[in-house]
Amino acid sequence: MTYSHTHAAGRRTGTTSRHGGRSAAPVPPQVPARRGPGGRRLLAALLLVGLLASVLPWWLGTPAGSLRTTAATLTAAGRITGLVAGYLLLVQVLLMSRLPVLERWIGGEQLGRWHRDIGATLLVAVLAHLSLILVGYADLRNQSVLAEVGTLLGDYEDMLSAFVATGIMIVVGFSSVRAIRRALPYELWHLLHRSSYLVLLLGFGHQFTHGAQLYKPGPVRSGWIALYLLVVAALLWGRVIAPLAFNLRHRLQVADVVAESPDTVSIYLTGERLDRLEMLGGQHFRWRFLTRGCWWQSHPFSVSAAANGRWLRLTVKVVGTHTADLRDLDAGTRVWAQGPSGTFTAAHRVRDRALLIAGGSGITPIRAMLEELPPGAALIYRARTPADVLLSRELDWLAQARDTSIWYVIGSRDDPGPRQLMSPDGLRQLVPDVARRDVYLCGPPGLVEQSVRALRRAGVPRRQIHLATFEL
Amino acid sequence: MRRAFLAITGLAASTTALVVLKGSPGTTPVAQDVPAAQPVNPTPQGADPSVAPVTPGGPTPKPSVRAGTSSSPKPSRSTARPSGNRTTAKAPTAPRTTTKAPQPTTRRVTGPGVDNEYGYVQVQIVVSGNRIVEAVSLSLPSGGESDIHSGDVRARYNGTGGEVVQKQSANLNTVSGATETSNSYKQSLRGAIEQAF
């Protein structure tokens with residue numbers, strides 16, 4: 001280790017810290033049992049079967065050889081994309097229903113990634129549905145596409161709301177394109193995204209009044225309606241009933257707000273029956289602080305200490321107006337939490353040993369997880385300046401207690417030291433058995449991307465790489 | 001993002017594949033007559049006529065529209081070929097055995113199915129000798145307003161005393177408000193008549 005200019009460079013196992021850390025776990029914590037990728041695979045398979053099932057009525061109801069004209073072909077393609085879009089919309093809502101079983105087995109981050117990818121597909125499917133049907137019908141009636149729009153809006157029931165739904169979906173879809181999304185304040189974007197529930201409502205009618213596969217009473221129509229009811233039930237359960245039960249049981253409130261660094265605070269929470277809180281280190285909750293100015297928005301933050309039965313802690317970096325307000329929370333403020341969620345935990349390991357890579361405030365879930373990983377883990381903590389290093393005392397204490405090696409790597413991404421270390425060779429040198437370890441990554445997108453590339457080149461299989469990025 | 005790209009490509013590819021697969025047997029212009037491959041199908045007694053157009057892809061295309069009471073003139077059991085009540089798009093090999101019966105027997109002839117934006121239209125006529133004695137719509141668009149228009153079409157054209165039987169041709173007056181369905185009806189009827197005579 002030659003990073004002599006860095007703060008606390010190369011601190012290793014056994015280094016004693018002068019102050020010791022807060023003992024988060026009075027009893028030696030046990031390592032949680034493994035949870036395989038079974039849940040994720042099951043859901044993926046189910047969703048795929050559902051997709052096939054939603055197009056099946058078209059296949060069965062369309063006589064072979066009946067698509068003789070261009071108009072018929074276009075209309076048929078429009079119907080397929082319409083069925084796909086209708087189904088994907090329901091999947092999108094289901095993925096974001098916060099259903100506890102989904103949050104625990106698949107995890108908010110993974111669900112978010114699926115939601116983003118399916119969202120792009122959904123937008124394309126809706127646009128394809130709209131344009132194919134329009135062109136197909138216009139061709140049938142021998143009129144221009146614009147005139148066809150007029151006909152549909154004027155003579156067809158429920159089409160006005162369907163067009164409005166499409167408009168909302170286009171706005172929601174494009175505002176979620178990464179570049180545009182970054183330019184928008186999170187709160188505005190979130191509000192915009194909420195309006196997609198309207199799509200569910202406004203797009204409902206036209207499927208049944210005009211959907212060639214759905215207008216007639218029968219198993220297809222009943223099944224489609226059942227799917228809607230199921231998703232609404234999941235939404236109610238995940239967003240209303242389960243959080244209500246959780247918060248009535250635990251009644252969380254702010255106990256203390258502690259500054260960790262100039263722009264980071266730790267919020268300590270207490271509540272009732274916390275010993276019965278089933279939570280794994282590395283998971284996150286969506287927090288809603290019930291004070292003026294904060295109550296109407298909820299944000300996901302990792303818990304920065306493993307469950308200990310007495311208190312919870314989240315460590316938050318101040319980046320926006322909401323996080324700035326969190327510094328001024330009073331003790332006793334009630335907190336509404338939704339969770340826990342996430343698969344960024346020791347339970348999702350596939351190997352016996354782990355390498356953790358944290359960047360800046362990305363240390364928080366990793367700090368919590370350290371308490372639950374089997375001994376022998378290694379941690380690389382990247383930070384721009386020594387002041388950005390958070391919770392270092394606890395980390396040192398944990399390193400000692402859990403037989404973990406920690407390297408603090410301080411400096412800009414372009415400095416020679418960090419650059420050399422975050423390369424495949426550097427990683428292999430530091431952790432020779434890196435390819436046989438689980439790697440947990442949490443930090444800014446740039447660091448995560450760069451690290452994943454280096455890890456892949458160092459021979460780490462993809463399934464051993466675990467990411468905790470909230471970015472959608 | 002890469003997965004989204006894959007998903008979108010997959011969507012486009014599979015939609016195209018589905019449409020091509022469904023459309024393939026009738027891609028040639030001749031397709032207009034192809035479904036008529038087996039013109040003379042004495043329906044076994046009591047059989048629901050709407051079961052007749054069985055597609056290879058699955059069950060009846062649009063089972064919602066029943067042809068109603070149409071088990072009129074009973075076909076003589078001797079000429080009945082039990083396997084014959086199947087009008088598939090790709091069965092051109094089926095033998096045309098009883099096309100021109102010497103004595104006036106009653107035959108049922110099913111026209112080609114016609115798709116329009118409201119649904120699927122298929123017409124069957126009952127022919128005795130050189131006369132159409134009855135017209136039956138096996139399938140008409142249904143749902144919402146289509147029910148009303150299809151009802152009008154059915155009332156005007158179908159039956160033993162409808163416009164089809166009166167005119168003995170496909171030159172029917174268009175039912176107002178149901179132009180599209182009327183046209184599809186005429187098209188299917190024309191196909192049936194061509195096969196029958």
# chains A, B, ... in the order shown; residues from 1 in each chain; ligands from 1

call {"tool": "select_by_dssp", "arguments": {"residues": "stretch 29-240 of chain A", "states": "alpha helix (DSSP H)", "output": "number ranges by chain"}}
result
A: 38-61, 70-95, 100-105, 108-140, 145-155, 159-175, 178-183, 186-194, 196-202, 204-210, 219-236

call {"tool": "residues_around", "arguments": {"residues": "B:Lys22", "least_positions_apart": "3", "cutoff": "7 Å", "atoms": "only C-alpha atoms", "output": "list in words"}}
result
Ala64 and Gly65 of chain A; Leu18 and Val19 of chain B

call {"tool": "interface_residues", "arguments": {"of": "chain A", "to": "chain B", "cutoff": "7 Å", "atoms": "only C-alpha atoms", "output": "ChimeraX atom specification"}}
result
/A:60-68,72-73,76-77,80,117-118,120-121,137,209,212,215-216

call {"tool": "closest_residue", "arguments": {"among": "A:Thr343, A:Asn247, A:Thr270, A:Asn142", "to": "A:Arg40", "atoms": "only C-alpha atoms"}}
result
A:Thr343

call {"tool": "residues_around", "arguments": {"residues": "A:Ile267", "least_positions_apart": "4", "cutoff": "9 Å", "atoms": "only C-alpha atoms", "output": "list in words"}}
result
Val254, Ala255, Asp256, Val257, Val258, Ala259, Leu312, Arg313, Leu314, Thr315, Val316, Leu326, Arg327 and Leu329 of chain A

call {"tool": "atom_distance", "arguments": {"atom1": "atom CA of A:Glu371", "atom2": "atom CA of A:His299"}}
result
24.4 Å

call {"tool": "closest_residue", "arguments": {"among": "B:Val164, B:Ala196, B:Leu140, B:Ser188", "to": "B:Ser128", "atoms": "only C-alpha atoms"}}
result
B:Ala196

call {"tool": "closest_residue", "arguments": {"among": "A:Thr385, A:Ser392, A:Ser144, A:Gln207", "to": "A:Gly86", "atoms": "only C-alpha atoms"}}
result
A:Gln207

call {"tool": "residues_around", "arguments": {"residues": "A:Tyr186", "least_positions_apart": "6", "cutoff": "10 Å", "atoms": "only C-alpha atoms", "output": "PyMOL selection string"}}
result
chain A and resi 192+320-322

call {"tool": "write_last_selection", "arguments": {"atoms": "N, CA and C atoms", "output": "mmCIF file, in the first residue's frame"}}
result
data_model
loop_
_atom_site.group_PDB
_atom_site.id
_atom_site.type_symbol
_atom_site.label_atom_id
_atom_site.label_comp_id
_atom_site.auth_asym_id
_atom_site.auth_seq_id
_atom_site.Cartn_x
_atom_site.Cartn_y
_atom_site.Cartn_z
ATOM 1 N N LEU A 192 -44.984 13.757 -11.399
ATOM 2 C CA LEU A 192 -45.294 13.437 -12.791
ATOM 3 C C LEU A 192 -45.505 11.937 -12.943
ATOM 4 N N GLY A 320 -30.361 17.491 -1.524
ATOM 5 C CA GLY A 320 -31.480 18.263 -2.071
ATOM 6 C C GLY A 320 -32.219 18.989 -0.971
ATOM 7 N N THR A 321 -33.344 19.597 -1.325
ATOM 8 C CA THR A 321 -34.075 20.367 -0.324
ATOM 9 C C THR A 321 -34.613 19.460 0.776
ATOM 10 N N HIS A 322 -35.068 18.271 0.363
ATOM 11 C CA HIS A 322 -35.648 17.373 1.347
ATOM 12 C C HIS A 322 -34.591 16.925 2.351
#

call {"tool": "atom_distance", "arguments": {"atom1": "atom CA of A:Ile225", "atom2": "atom CA of A:Trp237"}}
result
18.2 Å

call {"tool": "residues_around", "arguments": {"residues": "A:Val439", "least_positions_apart": "5", "cutoff": "8 Å", "atoms": "only C-alpha atoms", "output": "ChimeraX atom specification"}}
result
/A:354-357,464-466

call {"tool": "residues_around", "arguments": {"residues": "stretch 226-228 of chain A", "least_positions_apart": "6", "cutoff": "10 Å", "atoms": "only C-alpha atoms", "output": "PDB file with C-alpha atoms, in the first residue's frame"}}
result
ATOM      1  CA  GLY A  50     -48.597 -13.959 -18.359  1.00  0.00           C
ATOM      2  CA  GLY A  86     -52.239  -3.483 -21.550  1.00  0.00           C
ATOM      3  CA  TYR A  87     -50.471  -6.363 -19.872  1.00  0.00           C
ATOM      4  CA  LEU A  90     -50.342  -3.950 -15.161  1.00  0.00           C
ATOM      5  CA  VAL A  91     -46.892  -5.472 -14.668  1.00  0.00           C
ATOM      6  CA  LEU A  94     -47.428  -4.568  -9.832  1.00  0.00           C
ATOM      7  CA  LEU A 200     -54.453   2.743 -15.522  1.00  0.00           C
ATOM      8  CA  PHE A 204     -59.227   0.870 -18.826  1.00  0.00           C
ATOM      9  CA  VAL A 220     -60.720 -13.746 -21.692  1.00  0.00           C
ATOM     10  CA  ALA A 234     -51.559  -5.830  -4.616  1.00  0.00           C
TER      11      ALA A 234
END

call {"tool": "decode", "arguments": {"residues": "stretch 407-458 of chain A", "atoms": "C-alpha atoms", "output": "short mmCIF file (atom, residue, chain, number, x, y, z; two decimals), in the first residue's frame"}}
result
data_model
loop_
_atom_site.label_atom_id
_atom_site.label_comp_id
_atom_site.auth_asym_id
_atom_site.auth_seq_id
_atom_site.Cartn_x
_atom_site.Cartn_y
_atom_site.Cartn_z
CA TRP A 407 -8.72 -0.13 2.72
CA TYR A 408 -9.55 3.52 2.61
CA VAL A 409 -8.79 4.85 -0.85
CA ILE A 410 -8.92 8.61 -0.84
CA GLY A 411 -8.62 10.90 -3.80
CA SER A 412 -10.23 11.87 -7.04
CA ARG A 413 -11.11 9.21 -9.55
CA ASP A 414 -8.32 10.45 -11.83
CA ASP A 415 -5.57 10.34 -9.23
CA PRO A 416 -2.99 7.68 -10.02
CA GLY A 417 -3.52 5.80 -6.77
CA PRO A 418 -7.26 5.16 -6.99
CA ARG A 419 -6.96 4.63 -10.72
CA GLN A 420 -4.38 1.92 -10.31
CA LEU A 421 -6.30 0.26 -7.50
CA MET A 422 -9.67 0.24 -9.21
CA SER A 423 -8.23 -1.59 -12.21
CA PRO A 424 -8.51 -5.37 -12.69
CA ASP A 425 -4.86 -5.83 -11.76
CA GLY A 426 -5.13 -3.55 -8.77
CA LEU A 427 -8.15 -5.43 -7.45
CA ARG A 428 -6.48 -8.78 -7.98
CA GLN A 429 -3.38 -7.58 -6.18
CA LEU A 430 -5.39 -6.32 -3.25
CA VAL A 431 -7.78 -9.26 -3.03
CA PRO A 432 -6.16 -12.22 -4.79
CA ASP A 433 -9.26 -14.40 -4.56
CA VAL A 434 -11.60 -11.67 -5.83
CA ALA A 435 -13.05 -13.93 -8.53
CA ARG A 436 -14.27 -16.33 -5.85
CA ARG A 437 -15.95 -13.66 -3.74
CA ASP A 438 -19.29 -11.93 -3.75
CA VAL A 439 -18.79 -8.28 -4.51
CA TYR A 440 -21.18 -5.72 -3.05
CA LEU A 441 -21.07 -2.30 -4.64
CA CYS A 442 -22.67 0.88 -3.43
CA GLY A 443 -21.75 4.37 -4.46
CA PRO A 444 -22.10 7.00 -7.15
CA PRO A 445 -23.01 5.62 -10.60
CA GLY A 446 -19.60 6.48 -12.04
CA LEU A 447 -17.74 4.48 -9.44
CA VAL A 448 -20.15 1.56 -9.71
CA GLU A 449 -19.85 1.42 -13.48
CA GLN A 450 -16.09 1.61 -13.42
CA SER A 451 -15.84 -1.01 -10.70
CA VAL A 452 -18.18 -3.43 -12.42
CA ARG A 453 -16.09 -3.18 -15.56
CA ALA A 454 -12.87 -3.79 -13.65
CA LEU A 455 -14.43 -6.67 -11.69
CA ARG A 456 -15.74 -8.37 -14.78
CA ARG A 457 -12.30 -8.13 -16.32
CA ALA A 458 -10.79 -9.50 -13.14
#
